[in-house]
>>> print(open('work.txt').read())   # compact mmCIF, C-alpha atoms and all ligand atoms
# COMPACT_ATOMS: atom_id res chain seq x y z
CA MET A 1 126.95 38.49 160.94
CA LYS A 2 123.41 37.08 160.93
CA ARG A 3 121.27 38.52 158.10
CA VAL A 4 117.64 38.84 159.08
CA LEU A 5 114.67 39.82 156.91
CA VAL A 6 111.80 41.49 158.78
CA THR A 7 108.69 41.88 156.65
CA GLY A 8 106.30 44.49 158.02
CA GLY A 9 109.37 45.95 159.70
CA ALA A 10 108.07 49.53 159.51
CA GLY A 11 104.92 48.66 161.46
CA PHE A 12 104.33 48.75 165.18
CA ILE A 13 105.81 45.38 166.20
CA GLY A 14 108.29 45.41 163.32
CA THR A 15 109.90 48.62 164.56
CA HIS A 16 110.55 47.10 167.98
CA LEU A 17 111.85 43.90 166.41
CA CYS A 18 114.23 45.72 164.03
CA ARG A 19 115.63 47.68 166.96
CA ARG A 20 116.14 44.56 169.06
CA LEU A 21 117.84 42.67 166.19
CA LEU A 22 120.13 45.63 165.43
CA ASN A 23 121.05 45.81 169.12
CA GLU A 24 121.94 42.12 168.96
CA GLY A 25 124.37 42.80 166.11
CA CYS A 26 122.29 41.47 163.21
CA HIS A 27 122.13 42.92 159.71
CA VAL A 28 118.46 43.80 159.29
CA ILE A 29 116.60 44.03 156.00
CA CYS A 30 113.27 45.66 156.67
CA LEU A 31 110.76 45.04 153.89
CA ASP A 32 107.45 46.88 153.89
CA ASN A 33 104.88 48.36 151.53
CA LEU A 34 104.15 51.12 154.08
CA PHE A 35 100.40 50.43 154.09
CA THR A 36 100.17 50.77 157.87
CA GLY A 37 103.89 51.14 158.49
CA SER A 38 105.45 54.51 159.02
CA GLU A 39 108.54 56.06 157.46
CA GLN A 40 109.04 57.90 160.74
CA ASN A 41 109.45 54.58 162.53
CA ILE A 42 112.24 53.38 160.27
CA ALA A 43 113.87 56.80 160.19
CA LEU A 44 115.14 55.77 163.62
CA PHE A 45 117.51 53.26 161.99
CA ARG A 46 118.36 54.91 158.67
CA SER A 47 121.84 55.97 159.77
CA ASN A 48 122.73 52.44 160.92
CA PRO A 49 124.85 50.72 158.22
CA ASP A 50 123.42 47.37 159.28
CA PHE A 51 119.89 48.48 158.43
CA GLU A 52 118.42 48.31 154.92
CA PHE A 53 114.92 49.29 153.90
CA VAL A 54 113.22 47.67 150.91
CA LEU A 55 109.92 49.11 149.68
CA HIS A 56 108.15 45.97 148.51
CA ASP A 57 104.79 44.24 148.69
CA ILE A 58 104.99 40.59 149.77
CA VAL A 59 102.08 39.71 147.50
CA ASN A 60 104.77 39.85 144.79
CA PRO A 61 107.72 37.42 144.90
CA TYR A 62 110.91 38.79 146.41
CA GLU A 63 114.38 37.52 145.56
CA THR A 64 117.45 37.93 147.70
CA THR A 65 120.31 35.75 148.87
CA ASP A 66 122.20 35.04 152.08
CA ILE A 67 119.25 35.44 154.43
CA ASP A 68 119.54 33.41 157.65
CA GLU A 69 116.20 34.22 159.25
CA ILE A 70 112.86 35.66 158.17
CA TYR A 71 110.34 37.20 160.55
CA ASN A 72 107.12 37.45 158.50
CA LEU A 73 105.09 40.24 160.09
CA ALA A 74 103.75 41.94 156.97
CA CYS A 75 99.96 42.17 157.27
CA PRO A 76 97.66 44.90 158.57
CA ALA A 77 96.62 43.92 162.09
CA SER A 78 93.97 46.41 163.15
CA PRO A 79 90.40 45.42 162.15
CA VAL A 80 89.86 48.86 160.59
CA HIS A 81 92.89 48.44 158.35
CA TYR A 82 92.54 44.78 157.46
CA GLN A 83 88.91 45.28 156.48
CA TYR A 84 89.70 48.38 154.39
CA ASP A 85 90.70 46.15 151.44
CA ALA A 86 89.76 42.63 152.48
CA ILE A 87 90.91 41.02 149.23
CA LYS A 88 94.32 42.62 149.57
CA THR A 89 94.51 41.40 153.19
CA ILE A 90 93.86 37.78 152.29
CA LYS A 91 96.32 38.02 149.39
CA THR A 92 98.94 39.29 151.85
CA ALA A 93 98.12 36.54 154.33
CA VAL A 94 98.21 33.74 151.75
CA MET A 95 100.21 34.75 148.64
CA GLY A 96 102.57 36.79 150.81
CA VAL A 97 103.25 33.81 153.06
CA ILE A 98 103.83 31.56 150.03
CA ASN A 99 106.36 34.08 148.67
CA MET A 100 108.17 34.26 152.01
CA LEU A 101 108.18 30.47 152.40
CA ASP A 102 109.61 30.13 148.86
CA LEU A 103 112.29 32.63 149.84
CA ALA A 104 113.02 30.57 152.96
CA VAL A 105 113.41 27.45 150.79
CA LYS A 106 115.86 29.18 148.42
CA ASN A 107 117.91 30.65 151.26
CA ARG A 108 117.59 27.63 153.59
CA ALA A 109 116.46 30.21 156.10
CA LYS A 110 114.39 29.78 159.25
CA ILE A 111 111.06 31.56 159.10
CA LEU A 112 108.91 32.81 161.95
CA GLN A 113 105.29 33.45 161.03
CA ALA A 114 103.37 36.08 163.00
CA SER A 115 100.03 34.36 163.42
CA THR A 116 97.34 35.52 165.79
CA SER A 117 94.91 34.68 168.55
CA GLU A 118 92.28 35.45 165.88
CA VAL A 119 92.76 31.87 164.65
CA TYR A 120 90.66 30.94 167.72
CA GLY A 121 87.86 33.25 166.48
CA ASP A 122 85.09 33.74 169.06
CA PRO A 123 86.44 30.99 171.32
CA VAL A 124 84.25 28.52 173.17
CA VAL A 125 87.29 27.17 175.05
CA HIS A 126 88.67 29.57 177.66
CA PRO A 127 91.55 30.25 178.13
CA GLN A 128 92.76 29.27 174.67
CA ASN A 129 95.53 26.70 174.34
CA GLU A 130 97.28 25.72 171.15
CA SER A 131 95.37 22.47 170.71
CA TYR A 132 92.04 24.33 170.41
CA TRP A 133 91.03 24.55 166.72
CA GLY A 134 88.94 27.67 167.12
CA ASN A 135 85.52 28.99 166.22
CA VAL A 136 85.94 31.19 163.16
CA ASN A 137 83.25 32.48 160.82
CA PRO A 138 84.69 31.75 157.35
CA ILE A 139 82.49 34.28 155.53
CA GLY A 140 82.30 37.29 157.85
CA PRO A 141 84.07 40.66 157.61
CA ARG A 142 86.92 39.48 159.88
CA SER A 143 87.53 36.30 157.91
CA CYS A 144 89.93 37.91 155.41
CA TYR A 145 92.29 38.17 158.37
CA ASP A 146 91.28 35.20 160.54
CA GLU A 147 91.06 32.68 157.72
CA GLY A 148 94.05 34.25 155.98
CA LYS A 149 96.16 33.73 159.10
CA ARG A 150 94.82 30.19 159.54
CA CYS A 151 95.83 29.43 155.95
CA GLY A 152 99.22 31.00 156.67
CA GLU A 153 99.73 28.44 159.44
CA THR A 154 98.64 25.63 157.09
CA LEU A 155 101.15 26.77 154.48
CA CYS A 156 103.96 26.90 157.04
CA MET A 157 103.22 23.35 158.20
CA ASP A 158 102.98 22.10 154.58
CA TYR A 159 106.31 23.69 153.61
CA HIS A 160 107.78 22.17 156.76
CA ARG A 161 106.47 18.66 156.02
CA GLN A 162 106.99 18.76 152.24
CA ASN A 163 110.15 20.86 151.84
CA GLY A 164 111.77 20.56 155.26
CA VAL A 165 111.58 24.31 155.93
CA CYS A 166 112.38 25.28 159.51
CA ILE A 167 109.27 27.14 160.58
CA LYS A 168 108.18 28.79 163.81
CA ILE A 169 104.53 29.79 164.27
CA ILE A 170 103.62 32.24 167.01
CA ARG A 171 100.03 33.17 167.89
CA ILE A 172 100.20 36.74 169.11
CA PHE A 173 97.50 37.98 171.50
CA ASN A 174 96.52 41.69 171.68
CA THR A 175 99.77 43.61 171.92
CA TYR A 176 100.24 47.33 172.51
CA GLY A 177 103.10 49.76 172.96
CA PRO A 178 104.89 52.81 171.57
CA TYR A 179 105.04 53.18 167.76
CA MET A 180 101.38 52.26 167.32
CA LEU A 181 99.94 54.92 165.05
CA PRO A 182 97.48 57.31 166.73
CA ASN A 183 94.91 56.35 164.05
CA ASP A 184 95.69 52.63 164.27
CA GLY A 185 92.10 51.92 165.36
CA ARG A 186 92.92 49.31 168.00
CA VAL A 187 91.48 49.73 171.43
CA VAL A 188 94.54 50.73 173.48
CA SER A 189 95.73 53.47 171.13
CA ASN A 190 92.15 54.66 170.51
CA PHE A 191 91.37 55.03 174.22
CA ILE A 192 94.65 56.75 175.08
CA VAL A 193 94.48 59.20 172.19
CA GLN A 194 90.80 59.94 172.91
CA ALA A 195 91.53 60.46 176.63
CA LEU A 196 94.49 62.76 175.95
CA GLN A 197 92.52 64.81 173.44
CA GLY A 198 89.42 65.05 175.66
CA GLU A 199 87.36 63.22 173.04
CA PRO A 200 84.70 60.66 174.03
CA ILE A 201 86.04 57.17 174.78
CA THR A 202 84.34 54.87 172.26
CA ILE A 203 83.30 51.54 173.74
CA TYR A 204 81.97 49.10 171.18
CA GLY A 205 79.07 47.02 172.49
CA THR A 206 78.61 46.84 176.27
CA GLY A 207 82.32 46.76 177.00
CA GLU A 208 81.92 43.44 178.82
CA GLN A 209 83.95 41.59 176.19
CA THR A 210 87.43 40.69 177.41
CA ARG A 211 90.94 40.90 176.04
CA SER A 212 94.39 40.16 177.50
CA PHE A 213 96.88 42.89 176.72
CA GLN A 214 100.57 42.19 176.23
CA TYR A 215 103.22 44.91 176.28
CA VAL A 216 105.34 44.81 173.14
CA ASP A 217 108.70 44.27 174.90
CA ASP A 218 107.40 40.98 176.32
CA LEU A 219 106.31 39.88 172.86
CA ILE A 220 109.69 40.71 171.28
CA GLU A 221 111.48 38.65 173.92
CA GLY A 222 109.16 35.72 173.19
CA MET A 223 109.69 36.05 169.43
CA ILE A 224 113.47 35.97 169.74
CA ARG A 225 113.33 32.99 172.08
CA MET A 226 110.99 31.17 169.68
CA MET A 227 113.31 31.80 166.71
CA ASN A 228 116.17 30.33 168.75
CA THR A 229 114.43 27.05 169.64
CA GLU A 230 115.57 23.72 168.20
CA ASN A 231 114.88 23.35 164.47
CA ASP A 232 112.22 20.68 164.95
CA PHE A 233 110.06 22.85 167.22
CA THR A 234 107.49 24.46 164.95
CA GLY A 235 104.84 25.68 167.36
CA PRO A 236 102.24 27.06 167.08
CA ILE A 237 102.85 28.74 170.39
CA ASN A 238 100.75 31.38 172.16
CA LEU A 239 102.51 34.63 173.07
CA GLY A 240 100.30 36.83 175.21
CA ASN A 241 99.68 38.12 178.69
CA PRO A 242 97.19 35.91 180.54
CA GLU A 243 95.83 38.79 182.65
CA GLU A 244 92.31 39.34 181.34
CA PHE A 245 90.35 42.61 181.42
CA THR A 246 87.01 43.79 180.14
CA ILE A 247 87.06 46.69 177.70
CA LEU A 248 85.22 48.71 180.37
CA ASP A 249 88.08 47.98 182.82
CA LEU A 250 90.52 49.26 180.21
CA ALA A 251 88.52 52.45 179.64
CA ARG A 252 88.39 53.14 183.40
CA LYS A 253 92.13 52.58 183.75
CA VAL A 254 93.00 54.87 180.86
CA ILE A 255 90.72 57.63 182.16
CA GLU A 256 92.21 57.34 185.64
CA MET A 257 95.83 57.21 184.48
CA THR A 258 95.50 60.15 182.10
CA GLY A 259 93.31 62.20 184.49
CA SER A 260 91.04 62.76 181.50
CA LYS A 261 87.62 64.41 181.61
CA SER A 262 86.48 62.39 178.57
CA GLU A 263 83.02 60.85 178.74
CA VAL A 264 82.45 57.23 177.78
CA ILE A 265 80.14 56.58 174.83
CA PHE A 266 78.82 53.27 173.51
CA LYS A 267 78.90 52.36 169.82
CA PRO A 268 77.67 49.24 168.01
CA LEU A 269 79.72 46.10 168.49
CA PRO A 270 81.52 45.16 165.26
CA HIS A 271 80.38 41.96 163.53
CA ASP A 272 81.92 38.75 164.94
CA ASP A 273 83.80 40.64 167.67
CA PRO A 274 85.16 37.88 169.97
CA ARG A 275 83.51 37.90 173.40
CA GLN A 276 86.51 36.69 175.35
CA ARG A 277 90.18 36.11 174.84
CA LYS A 278 92.92 34.93 177.16
CA PRO A 279 95.98 32.87 176.30
CA ASP A 280 97.03 29.69 178.02
CA ILE A 281 100.82 30.19 177.97
CA SER A 282 101.87 26.86 179.53
CA LEU A 283 103.65 25.86 176.31
CA ALA A 284 105.63 29.13 176.12
CA ARG A 285 106.56 28.78 179.80
CA LYS A 286 107.83 25.25 179.16
CA MET A 287 109.49 25.63 175.74
CA LEU A 288 110.75 29.22 175.93
CA ASN A 289 111.04 29.67 179.68
CA TRP A 290 109.05 32.82 178.97
CA GLU A 291 106.25 34.74 180.56
CA PRO A 292 105.25 38.40 180.40
CA GLN A 293 107.00 40.70 182.85
CA ILE A 294 105.14 43.96 182.28
CA SER A 295 101.78 44.61 183.93
CA LEU A 296 99.01 46.48 182.15
CA ASP A 297 99.42 49.47 184.50
CA ASP A 298 103.15 49.75 183.78
CA GLY A 299 102.72 49.24 180.04
CA LEU A 300 99.88 51.75 179.78
CA GLY A 301 102.05 54.26 181.62
CA HIS A 302 104.74 53.96 178.91
CA VAL A 303 102.25 54.31 176.07
CA ILE A 304 100.46 57.26 177.67
CA ASN A 305 103.82 59.06 177.95
CA TYR A 306 104.59 58.17 174.33
CA PHE A 307 101.30 59.60 173.04
CA LYS A 308 101.51 62.65 175.33
CA GLU A 309 104.51 63.76 173.27
CA ARG A 310 102.62 63.25 170.01
CA CYS A 311 99.01 64.31 170.60
P1 LIG B 1 101.03 46.99 161.79
O1 LIG B 1 99.85 47.23 160.92
O2 LIG B 1 101.54 48.11 162.62
O3 LIG B 1 102.25 46.43 160.95
C1 LIG B 1 102.09 45.65 159.79
C2 LIG B 1 103.16 46.08 158.80
O4 LIG B 1 103.05 45.28 157.61
C3 LIG B 1 103.01 47.54 158.34
O5 LIG B 1 104.26 48.18 158.37
C4 LIG B 1 102.47 47.43 156.93
O6 LIG B 1 102.80 48.53 156.12
C5 LIG B 1 103.11 46.13 156.48
N1 LIG B 1 102.38 45.45 155.40
C6 LIG B 1 101.06 45.20 155.32
N2 LIG B 1 100.77 44.53 154.19
C7 LIG B 1 101.95 44.37 153.52
C8 LIG B 1 102.31 43.78 152.30
N3 LIG B 1 101.39 43.22 151.49
N4 LIG B 1 103.61 43.79 151.93
C9 LIG B 1 104.55 44.38 152.71
N5 LIG B 1 104.26 44.95 153.88
C10 LIG B 1 102.98 44.96 154.29
O7 LIG B 1 100.64 45.75 162.72
P2 LIG B 1 101.44 45.07 163.92
O8 LIG B 1 100.58 45.17 165.13
O9 LIG B 1 102.84 45.53 163.98
O10 LIG B 1 101.38 43.54 163.46
C11 LIG B 1 102.50 42.88 162.90
C12 LIG B 1 102.14 41.42 162.67
O11 LIG B 1 101.77 40.80 163.92
C13 LIG B 1 100.97 41.22 161.71
O12 LIG B 1 101.23 40.10 160.89
C14 LIG B 1 99.81 40.90 162.64
O13 LIG B 1 98.86 40.08 162.01
C15 LIG B 1 100.50 40.18 163.80
N6 LIG B 1 99.73 40.33 165.03
C16 LIG B 1 99.71 41.50 165.73
C17 LIG B 1 98.95 41.59 166.89
C18 LIG B 1 98.91 42.83 167.72
O14 LIG B 1 98.17 42.86 168.72
N7 LIG B 1 99.66 43.86 167.45
C19 LIG B 1 98.18 40.50 167.32
C20 LIG B 1 98.20 39.35 166.54
C21 LIG B 1 98.99 39.24 165.42
N1 LIG B 2 87.10 48.38 170.86
C1 LIG B 2 86.36 49.37 171.52
N2 LIG B 2 86.60 50.67 171.17
C2 LIG B 2 87.54 51.03 170.26
C3 LIG B 2 88.29 50.02 169.61
C4 LIG B 2 88.03 48.70 169.93
O1 LIG B 2 85.52 49.08 172.38
O2 LIG B 2 87.69 52.25 170.03
C5 LIG B 2 86.87 46.97 171.26
C6 LIG B 2 86.65 46.01 170.10
O3 LIG B 2 85.29 45.96 169.73
C7 LIG B 2 87.14 44.70 170.72
C8 LIG B 2 88.26 45.13 171.65
O4 LIG B 2 88.03 46.52 171.92
O5 LIG B 2 86.11 44.11 171.48
C9 LIG B 2 89.65 44.96 171.07
O6 LIG B 2 89.65 45.55 169.80
P1 LIG B 2 90.95 45.69 168.90
O7 LIG B 2 90.52 46.25 167.60
O8 LIG B 2 92.02 46.39 169.66
O9 LIG B 2 91.48 44.19 168.72
P2 LIG B 2 90.75 42.80 168.39
O10 LIG B 2 91.03 41.96 169.56
O11 LIG B 2 89.29 43.01 168.20
O12 LIG B 2 91.41 42.37 167.13
>>> encode(input="work.txt", output="structure tokens")
Amino acid sequence: MKRVLVTGGAGFIGTHLCRRLLNEGCHVICLDNLFTGSEQNIALFRSNPDFEFVLHDIVNPYETTDIDEIYNLACPASPVHYQYDAIKTIKTAVMGVINMLDLAVKNRAKILQASTSEVYGDPVVHPQNESYWGNVNPIGPRSCYDEGKRCGETLCMDYHRQNGVCIKIIRIFNTYGPYMLPNDGRVVSNFIVQALQGEPITIYGTGEQTRSFQYVDDLIEGMIRMMNTENDFTGPINLGNPEEFTILDLARKVIEMTGSKSEVIFKPLPHDDPRQRKPDISLARKMLNWEPQISLDDGLGHVINYFKERC
């Protein structure tokens, strides 16, 4: 039986990944410090004998044996949470990755690193393909995350070149779905929770900035396919939905789909908020035979139903 370590496994994406790996017959070790992860999420798997939970912080070394694959997801992903303790975030993104790469060396395990479209910063190339080096402010409030994730990619490539580690780098674009926390702070969960509770919908800036929203099931499929590529294929590879929307479009959709009476209010745009973001997924189409299957309307429908039961 394949033994798979999922760091950040109690978080939003991690929960979906643990479920998928368990369904595929893997033994899953979910490691998390529960900073933004939820015990309720992992409670779903507690009775499964092939699921283990380890309360651990990846900033500290972790020793275990007989691991075949590591999915390194541990890192807060919402701007609110990664800026809460910026020094801790960059330690997670750098020291945490070093610890997981060392673990991969000792176990001769493959490791998939959850990188991000944030490595492109406020992009001047649109859509973004993997050969674009990005436009990141190295000293701004987002840089603990952006630069941390960029360094994470550097470390993966260095361990690959120097120690022969089999690495897989994915650049995840804005992903949403069930198991996001209602207070996660990211735009999709914020708008849906606000709409369902009749609270004002908070648009930061003018709302003309764009994002491309990927439903989590599409991402998980891409992650599994990436892990299963030939050993010499490292990526980085973009995983995202190329359909691009303004934040105003998203607010209108959520209001319409929830039938909410919420008003829209405008708040200051956060510092260094990227103006546009859309993945070029040609590489994923070619190498993984993958493209997103779930439209924003369908995906939002699932998440609205999910939050209706919880708000
Ligand atoms: P999340 O915040 O829901 O999950 C992150 C998980 O990591 C949480 O369970 C948290 O408790 C855990 N964690 C944080 N720091 C840790 C540490 N030092 N040690 C151990 N565990 C720690 O976020 P998510 O959306 O599920 O994101 C998962 C990964 O995907 C992150 O690495 C993130 O950077 C990346 N990513 C996500 C998106 C997205 O849109 N969701 C986009 C780009 C990249
Ligand atoms: N945003 C917004 N209202 C919110 C939360 C976010 O208008 O309540 C905006 C945010 O400024 C950004 C976009 O929505 O332009 C996506 O934000 P999110 O935090 O989800 O992800 P990001 O792509 O910025 O990491």
>>> closest_atom_pairs(input="work.txt", of="chain A", to="ligand LIG 2 (chain B)", cutoff="10 Å", atoms="only C-alpha atoms and all ligand atoms", output="JSON lines")
{"residue": "A:Ala77", "atom": "CA", "partner": "B:LIG2", "partner_atom": "O12", "distance": 7.4}
{"residue": "A:Ser78", "atom": "CA", "partner": "B:LIG2", "partner_atom": "O7", "distance": 5.6}
{"residue": "A:Pro79", "atom": "CA", "partner": "B:LIG2", "partner_atom": "O7", "distance": 5.5}
{"residue": "A:Val80", "atom": "CA", "partner": "B:LIG2", "partner_atom": "O7", "distance": 7.5}
{"residue": "A:His81", "atom": "CA", "partner": "B:LIG2", "partner_atom": "O7", "distance": 9.8}
{"residue": "A:Thr116", "atom": "CA", "partner": "B:LIG2", "partner_atom": "O12", "distance": 9.2}
{"residue": "A:Ser117", "atom": "CA", "partner": "B:LIG2", "partner_atom": "O10", "distance": 8.3}
{"residue": "A:Glu118", "atom": "CA", "partner": "B:LIG2", "partner_atom": "O12", "distance": 7.1}
{"residue": "A:Gly121", "atom": "CA", "partner": "B:LIG2", "partner_atom": "O10", "distance": 9.8}
{"residue": "A:Arg142", "atom": "CA", "partner": "B:LIG2", "partner_atom": "O12", "distance": 9.0}
{"residue": "A:Tyr145", "atom": "CA", "partner": "B:LIG2", "partner_atom": "O12", "distance": 9.8}
{"residue": "A:Asp146", "atom": "CA", "partner": "B:LIG2", "partner_atom": "O12", "distance": 9.7}
{"residue": "A:Phe173", "atom": "CA", "partner": "B:LIG2", "partner_atom": "O10", "distance": 7.8}
{"residue": "A:Asn174", "atom": "CA", "partner": "B:LIG2", "partner_atom": "O10", "distance": 5.9}
{"residue": "A:Thr175", "atom": "CA", "partner": "B:LIG2", "partner_atom": "O8", "distance": 8.5}
{"residue": "A:Tyr176", "atom": "CA", "partner": "B:LIG2", "partner_atom": "O8", "distance": 8.8}
{"residue": "A:Asp184", "atom": "CA", "partner": "B:LIG2", "partner_atom": "O7", "distance": 8.9}
{"residue": "A:Gly185", "atom": "CA", "partner": "B:LIG2", "partner_atom": "C3", "distance": 6.0}
{"residue": "A:Arg186", "atom": "CA", "partner": "B:LIG2", "partner_atom": "O8", "distance": 3.5}
{"residue": "A:Val187", "atom": "CA", "partner": "B:LIG2", "partner_atom": "C3", "distance": 3.7}
{"residue": "A:Val188", "atom": "CA", "partner": "B:LIG2", "partner_atom": "O8", "distance": 6.3}
{"residue": "A:Ser189", "atom": "CA", "partner": "B:LIG2", "partner_atom": "O8", "distance": 8.1}
{"residue": "A:Asn190", "atom": "CA", "partner": "B:LIG2", "partner_atom": "O2", "distance": 5.1}
{"residue": "A:Phe191", "atom": "CA", "partner": "B:LIG2", "partner_atom": "O2", "distance": 6.2}
{"residue": "A:Ile192", "atom": "CA", "partner": "B:LIG2", "partner_atom": "O2", "distance": 9.7}
{"residue": "A:Val193", "atom": "CA", "partner": "B:LIG2", "partner_atom": "O2", "distance": 10.0}
{"residue": "A:Gln194", "atom": "CA", "partner": "B:LIG2", "partner_atom": "O2", "distance": 8.8}
{"residue": "A:Pro200", "atom": "CA", "partner": "B:LIG2", "partner_atom": "O2", "distance": 9.8}
{"residue": "A:Ile201", "atom": "CA", "partner": "B:LIG2", "partner_atom": "O2", "distance": 7.0}
{"residue": "A:Thr202", "atom": "CA", "partner": "B:LIG2", "partner_atom": "O2", "distance": 4.8}
{"residue": "A:Ile203", "atom": "CA", "partner": "B:LIG2", "partner_atom": "O1", "distance": 3.6}
{"residue": "A:Tyr204", "atom": "CA", "partner": "B:LIG2", "partner_atom": "O1", "distance": 3.7}
{"residue": "A:Gly205", "atom": "CA", "partner": "B:LIG2", "partner_atom": "O1", "distance": 6.8}
{"residue": "A:Thr206", "atom": "CA", "partner": "B:LIG2", "partner_atom": "O1", "distance": 8.2}
{"residue": "A:Gly207", "atom": "CA", "partner": "B:LIG2", "partner_atom": "O1", "distance": 6.1}
{"residue": "A:Glu208", "atom": "CA", "partner": "B:LIG2", "partner_atom": "O5", "distance": 8.5}
{"residue": "A:Gln209", "atom": "CA", "partner": "B:LIG2", "partner_atom": "O5", "distance": 5.8}
{"residue": "A:Thr210", "atom": "CA", "partner": "B:LIG2", "partner_atom": "O5", "distance": 7.0}
{"residue": "A:Arg211", "atom": "CA", "partner": "B:LIG2", "partner_atom": "C9", "distance": 6.5}
{"residue": "A:Ser212", "atom": "CA", "partner": "B:LIG2", "partner_atom": "O10", "distance": 8.8}
{"residue": "A:Phe213", "atom": "CA", "partner": "B:LIG2", "partner_atom": "O8", "distance": 9.3}
{"residue": "A:Thr246", "atom": "CA", "partner": "B:LIG2", "partner_atom": "C8", "distance": 8.7}
{"residue": "A:Ile247", "atom": "CA", "partner": "B:LIG2", "partner_atom": "O4", "distance": 5.9}
{"residue": "A:Leu248", "atom": "CA", "partner": "B:LIG2", "partner_atom": "O1", "distance": 8.0}
{"residue": "A:Leu250", "atom": "CA", "partner": "B:LIG2", "partner_atom": "O4", "distance": 9.1}
{"residue": "A:Ala251", "atom": "CA", "partner": "B:LIG2", "partner_atom": "O1", "distance": 8.5}
{"residue": "A:Ile265", "atom": "CA", "partner": "B:LIG2", "partner_atom": "N2", "distance": 9.5}
{"residue": "A:Phe266", "atom": "CA", "partner": "B:LIG2", "partner_atom": "O1", "distance": 8.0}
{"residue": "A:Lys267", "atom": "CA", "partner": "B:LIG2", "partner_atom": "O1", "distance": 7.8}
{"residue": "A:Pro268", "atom": "CA", "partner": "B:LIG2", "partner_atom": "O3", "distance": 8.5}
{"residue": "A:Leu269", "atom": "CA", "partner": "B:LIG2", "partner_atom": "O3", "distance": 5.7}
{"residue": "A:Pro270", "atom": "CA", "partner": "B:LIG2", "partner_atom": "O3", "distance": 5.9}
{"residue": "A:His271", "atom": "CA", "partner": "B:LIG2", "partner_atom": "O3", "distance": 8.9}
{"residue": "A:Asp272", "atom": "CA", "partner": "B:LIG2", "partner_atom": "O11", "distance": 9.1}
{"residue": "A:Asp273", "atom": "CA", "partner": "B:LIG2", "partner_atom": "O5", "distance": 5.6}
{"residue": "A:Pro274", "atom": "CA", "partner": "B:LIG2", "partner_atom": "O5", "distance": 6.5}
{"residue": "A:Arg275", "atom": "CA", "partner": "B:LIG2", "partner_atom": "O5", "distance": 7.0}
{"residue": "A:Gln276", "atom": "CA", "partner": "B:LIG2", "partner_atom": "O5", "distance": 8.4}
{"residue": "A:Arg277", "atom": "CA", "partner": "B:LIG2", "partner_atom": "O10", "distance": 7.9}
>>> write_last_selection(input="work.txt", atoms="C-alpha atoms", output="CSV table (one decimal), in the coordinates of the input")
chain,number,residue,atom,x,y,z
A,77,ALA,CA,96.6,43.9,162.1
A,78,SER,CA,94.0,46.4,163.2
A,79,PRO,CA,90.4,45.4,162.2
A,80,VAL,CA,89.9,48.9,160.6
A,81,HIS,CA,92.9,48.4,158.4
A,116,THR,CA,97.3,35.5,165.8
A,117,SER,CA,94.9,34.7,168.6
A,118,GLU,CA,92.3,35.4,165.9
A,121,GLY,CA,87.9,33.2,166.5
A,142,ARG,CA,86.9,39.5,159.9
A,145,TYR,CA,92.3,38.2,158.4
A,146,ASP,CA,91.3,35.2,160.5
A,173,PHE,CA,97.5,38.0,171.5
A,174,ASN,CA,96.5,41.7,171.7
A,175,THR,CA,99.8,43.6,171.9
A,176,TYR,CA,100.2,47.3,172.5
A,184,ASP,CA,95.7,52.6,164.3
A,185,GLY,CA,92.1,51.9,165.4
A,186,ARG,CA,92.9,49.3,168.0
A,187,VAL,CA,91.5,49.7,171.4
A,188,VAL,CA,94.5,50.7,173.5
A,189,SER,CA,95.7,53.5,171.1
A,190,ASN,CA,92.2,54.7,170.5
A,191,PHE,CA,91.4,55.0,174.2
A,192,ILE,CA,94.6,56.8,175.1
A,193,VAL,CA,94.5,59.2,172.2
A,194,GLN,CA,90.8,59.9,172.9
A,200,PRO,CA,84.7,60.7,174.0
A,201,ILE,CA,86.0,57.2,174.8
A,202,THR,CA,84.3,54.9,172.3
A,203,ILE,CA,83.3,51.5,173.7
A,204,TYR,CA,82.0,49.1,171.2
A,205,GLY,CA,79.1,47.0,172.5
A,206,THR,CA,78.6,46.8,176.3
A,207,GLY,CA,82.3,46.8,177.0
A,208,GLU,CA,81.9,43.4,178.8
A,209,GLN,CA,84.0,41.6,176.2
A,210,THR,CA,87.4,40.7,177.4
A,211,ARG,CA,90.9,40.9,176.0
A,212,SER,CA,94.4,40.2,177.5
A,213,PHE,CA,96.9,42.9,176.7
A,246,THR,CA,87.0,43.8,180.1
A,247,ILE,CA,87.1,46.7,177.7
A,248,LEU,CA,85.2,48.7,180.4
A,250,LEU,CA,90.5,49.3,180.2
A,251,ALA,CA,88.5,52.4,179.6
A,265,ILE,CA,80.1,56.6,174.8
A,266,PHE,CA,78.8,53.3,173.5
A,267,LYS,CA,78.9,52.4,169.8
A,268,PRO,CA,77.7,49.2,168.0
A,269,LEU,CA,79.7,46.1,168.5
A,270,PRO,CA,81.5,45.2,165.3
A,271,HIS,CA,80.4,42.0,163.5
A,272,ASP,CA,81.9,38.8,164.9
A,273,ASP,CA,83.8,40.6,167.7
A,274,PRO,CA,85.2,37.9,170.0
A,275,ARG,CA,83.5,37.9,173.4
A,276,GLN,CA,86.5,36.7,175.4
A,277,ARG,CA,90.2,36.1,174.8
>>> residues_around(input="work.txt", residues="range 1-7 of chain A", least_positions_apart="4", cutoff="10 Å", atoms="only C-alpha atoms", output="PyMOL selection string")
chain A and resi 11+14-15+17-18+21-22+24-33+50-54+56-58+64-75+96+100+109-112
>>> axis_aligned_box(input="work.txt", around="ligand LIG 1 (chain B)", padding_each_side="4 Å", output="AutoDock Vina command-line options")
--center_x 101.4 --center_y 43.9 --center_z 160.1 --size_x 14.4 --size_y 17.3 --size_z 25.2
>>> residues_around(input="work.txt", residues="Asp217 in chain A", least_positions_apart="4", cutoff="9 Å", atoms="only C-alpha atoms", output="number ranges by chain")
A: 16, 177, 221-222, 292-294
